[in-house]
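Worksheet for the structure shown next.
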Amino acid sequence: MTSKQCAYLRGLASKEDAILHIGKGGMNENIVKQANDALEARELIKLKCLENCELSPLEAANLLAEECSAEVICAIGSKAVLYRRSQKKPKIELPK
């Protein structure tokens, strides 16, 4: 993915709310399933690591990206953004 595409996705994500919250339970099957479902439906998701989470947002995003075959777009503060192109109905058209 090019830097231009990453910048475009960061811009789209800045307007979105975090839909996944990772707390003291950390990563589990339920979080991975929710992330997979959300990525298929939305393609771009934002996650937030709560204060009691043992993982940093970047660590959590990297683990989820590996489990979900997604890409980490950015991790800033307590939030991170993941992207995966939908197999059925792609919604986001990336710039070249």
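Chain labels follow the order of the structure tokens: the first chain is A, the next B, and so on; residue numbering restarts at 1 in every chain, and ligands are counted from 1 in their shown order.
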What's the 8 Å shell around Glu51 (chain A), counting only C-alpha atoms, without same-chain residues fewer than 2 positions away, as a list in words?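 My list of contacting residues is Gly23, Cys49 and Cys53 of chain A.
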Pull C-alpha atoms from the residues just selected and write them as an mmCIF file, in the first residue's frame.
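Heads up, here's the output in part.cif:
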```cif
data_model
loop_
_atom_site.group_PDB
_atom_site.id
_atom_site.type_symbol
_atom_site.label_atom_id
_atom_site.label_comp_id
_atom_site.auth_asym_id
_atom_site.auth_seq_id
_atom_site.Cartn_x
_atom_site.Cartn_y
_atom_site.Cartn_z
ATOM 1 C CA GLY A 23 -10.004 -3.865 27.583
ATOM 2 C CA CYS A 49 -7.408 0.229 23.649
ATOM 3 C CA CYS A 53 -5.611 -2.994 28.366
#
```
Could you pull out the residues in chain A that DSSP calls alpha helix (DSSP H) from the backbone, as a VMD selection string? chain A and resid 3 to 14 29 to 42 57 to 68
Of the residues A:Glu59, A:Glu54, A:Glu43, A:Asp37, which is the one nearest to Lys24 (chain A), using only C-alpha atoms?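 So, comparing all the options, the nearest one is A:Glu54.
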Find the residues around Ser86 (chain A) up to 12 Å (only C-alpha atoms counted), leave out those fewer than 3 positions away in its own chain, and share them as a ChimeraX atom specification. /A:36-44,68-70,83,89-93
Go ahead and write the residues just picked, N, CA and C atoms, as a short mmCIF file (atom, residue, chain, number, x, y, z; two decimals), in the first residue's frame.
```cif
data_model
loop_
_atom_site.label_atom_id
_atom_site.label_comp_id
_atom_site.auth_asym_id
_atom_site.auth_seq_id
_atom_site.Cartn_x
_atom_site.Cartn_y
_atom_site.Cartn_z
N ASN A 36 -13.36 -9.29 12.17
CA ASN A 36 -13.57 -9.89 10.85
C ASN A 36 -14.90 -9.45 10.25
N ASP A 37 -15.96 -9.51 11.04
CA ASP A 37 -17.29 -9.12 10.57
C ASP A 37 -17.31 -7.64 10.19
N ALA A 38 -16.71 -6.79 11.03
CA ALA A 38 -16.70 -5.36 10.77
C ALA A 38 -15.87 -5.02 9.53
N LEU A 39 -14.74 -5.70 9.36
CA LEU A 39 -13.90 -5.45 8.19
C LEU A 39 -14.61 -5.86 6.91
N GLU A 40 -15.35 -6.94 6.94
CA GLU A 40 -16.09 -7.37 5.75
C GLU A 40 -17.20 -6.38 5.42
N ALA A 41 -17.86 -5.85 6.45
CA ALA A 41 -18.96 -4.92 6.23
C ALA A 41 -18.49 -3.51 5.89
N ARG A 42 -17.42 -3.04 6.55
CA ARG A 42 -17.01 -1.64 6.42
C ARG A 42 -15.69 -1.43 5.69
N GLU A 43 -14.83 -2.41 5.70
CA GLU A 43 -13.48 -2.36 5.12
C GLU A 43 -12.48 -1.56 5.96
N LEU A 44 -12.93 -0.54 6.65
CA LEU A 44 -12.05 0.31 7.45
C LEU A 44 -12.64 0.41 8.86
N CYS A 68 -6.79 -11.35 11.08
CA CYS A 68 -7.86 -11.02 10.13
C CYS A 68 -7.37 -10.79 8.71
N SER A 69 -6.08 -10.96 8.46
CA SER A 69 -5.50 -10.68 7.14
C SER A 69 -5.79 -9.25 6.70
N ALA A 70 -5.58 -8.32 7.61
CA ALA A 70 -5.82 -6.90 7.34
C ALA A 70 -4.49 -6.14 7.39
N TYR A 83 -7.49 -1.86 7.85
CA TYR A 83 -8.15 -1.88 6.55
C TYR A 83 -8.01 -3.26 5.92
N LYS A 89 -18.29 -7.02 -1.64
CA LYS A 89 -18.69 -5.72 -2.15
C LYS A 89 -17.70 -4.66 -1.72
N PRO A 90 -16.65 -4.41 -2.50
CA PRO A 90 -15.71 -3.34 -2.13
C PRO A 90 -16.41 -1.99 -2.14
N LYS A 91 -16.21 -1.22 -1.06
CA LYS A 91 -16.86 0.09 -0.93
C LYS A 91 -15.89 1.24 -1.12
N ILE A 92 -14.66 1.04 -0.68
CA ILE A 92 -13.68 2.12 -0.71
C ILE A 92 -12.81 1.98 -1.94
N GLU A 93 -12.78 3.04 -2.73
CA GLU A 93 -11.92 3.06 -3.93
C GLU A 93 -10.65 3.81 -3.58
#
```
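The residue that comes closest to Arg85 (chain A), out of A:Leu50, A:Leu9, A:Leu55, A:Ala18 and on the basis of only C-alpha atoms, is A:Leu9.
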Hey, what's within 12 Å of Glu29 (chain A) if we count only C-alpha atoms and toss same-chain stuff fewer than 3 positions away? As a ChimeraX atom specification, please? /A:25-26,32-36,63-64,67-68
Please list as an NGL selection string every residue within 10 Å of Gln5 (chain A), counting only C-alpha atoms and excluding residues in the same chain fewer than 2 positions away. :A and (1-3 or 7-11 or 73 or 93-96)
Using Å and a single decimal, report how far CA of Ala61 (chain A) sits from CA of Ile76 (chain A). 11.0 Å
Write down as a PyMOL selection string the residues belonging to region 27-82 of chain A that are assigned strand (DSSP E) by DSSP computed on the backbone. chain A and resi 44-49+71-76+79-82
Please, could you write that set of residues out with C-alpha atoms as a JSON list (two decimals), in the first residue's frame?
```json
[["chain", "number", "residue", "atom", "x", "y", "z"],
["A", 44, "LEU", "CA", -12.05, 0.31, 7.45],
["A", 45, "ILE", "CA", -12.38, 0.07, 11.23],
["A", 46, "LYS", "CA", -11.03, 1.99, 14.19],
["A", 47, "LEU", "CA", -10.23, 0.28, 17.47],
["A", 48, "LYS", "CA", -9.52, 1.72, 20.89],
["A", 49, "CYS", "CA", -7.41, 0.23, 23.65],
["A", 71, "GLU", "CA", -3.39, -3.99, 7.19],
["A", 72, "VAL", "CA", -2.58, -1.58, 9.99],
["A", 73, "ILE", "CA", -3.02, 1.94, 8.65],
["A", 74, "CYS", "CA", -1.98, 3.86, 11.75],
["A", 75, "ALA", "CA", -1.86, 3.80, 15.53],
["A", 76, "ILE", "CA", -2.08, 7.13, 17.33],
["A", 79, "LYS", "CA", -6.56, 4.25, 18.80],
["A", 80, "ALA", "CA", -5.57, 2.28, 15.72],
["A", 81, "VAL", "CA", -7.03, 1.83, 12.24],
["A", 82, "LEU", "CA", -7.26, -1.40, 10.22]]
```
Skipping near chain neighbours, those fewer than 6 positions away, what residues fall within 9 Å of Ile31 (chain A) using only C-alpha atoms, listed as an NGL selection string? :A and (20-22 or 64)
Report, in Å to a single decimal, how far apart CA of Lys15 (chain A) and CA of Glu66 (chain A) are. 24.9 Å
Rounded to one decimal, what separation in Å do you get between CA of Cys6 (chain A) and CA of Asn52 (chain A)? 28.9 Å
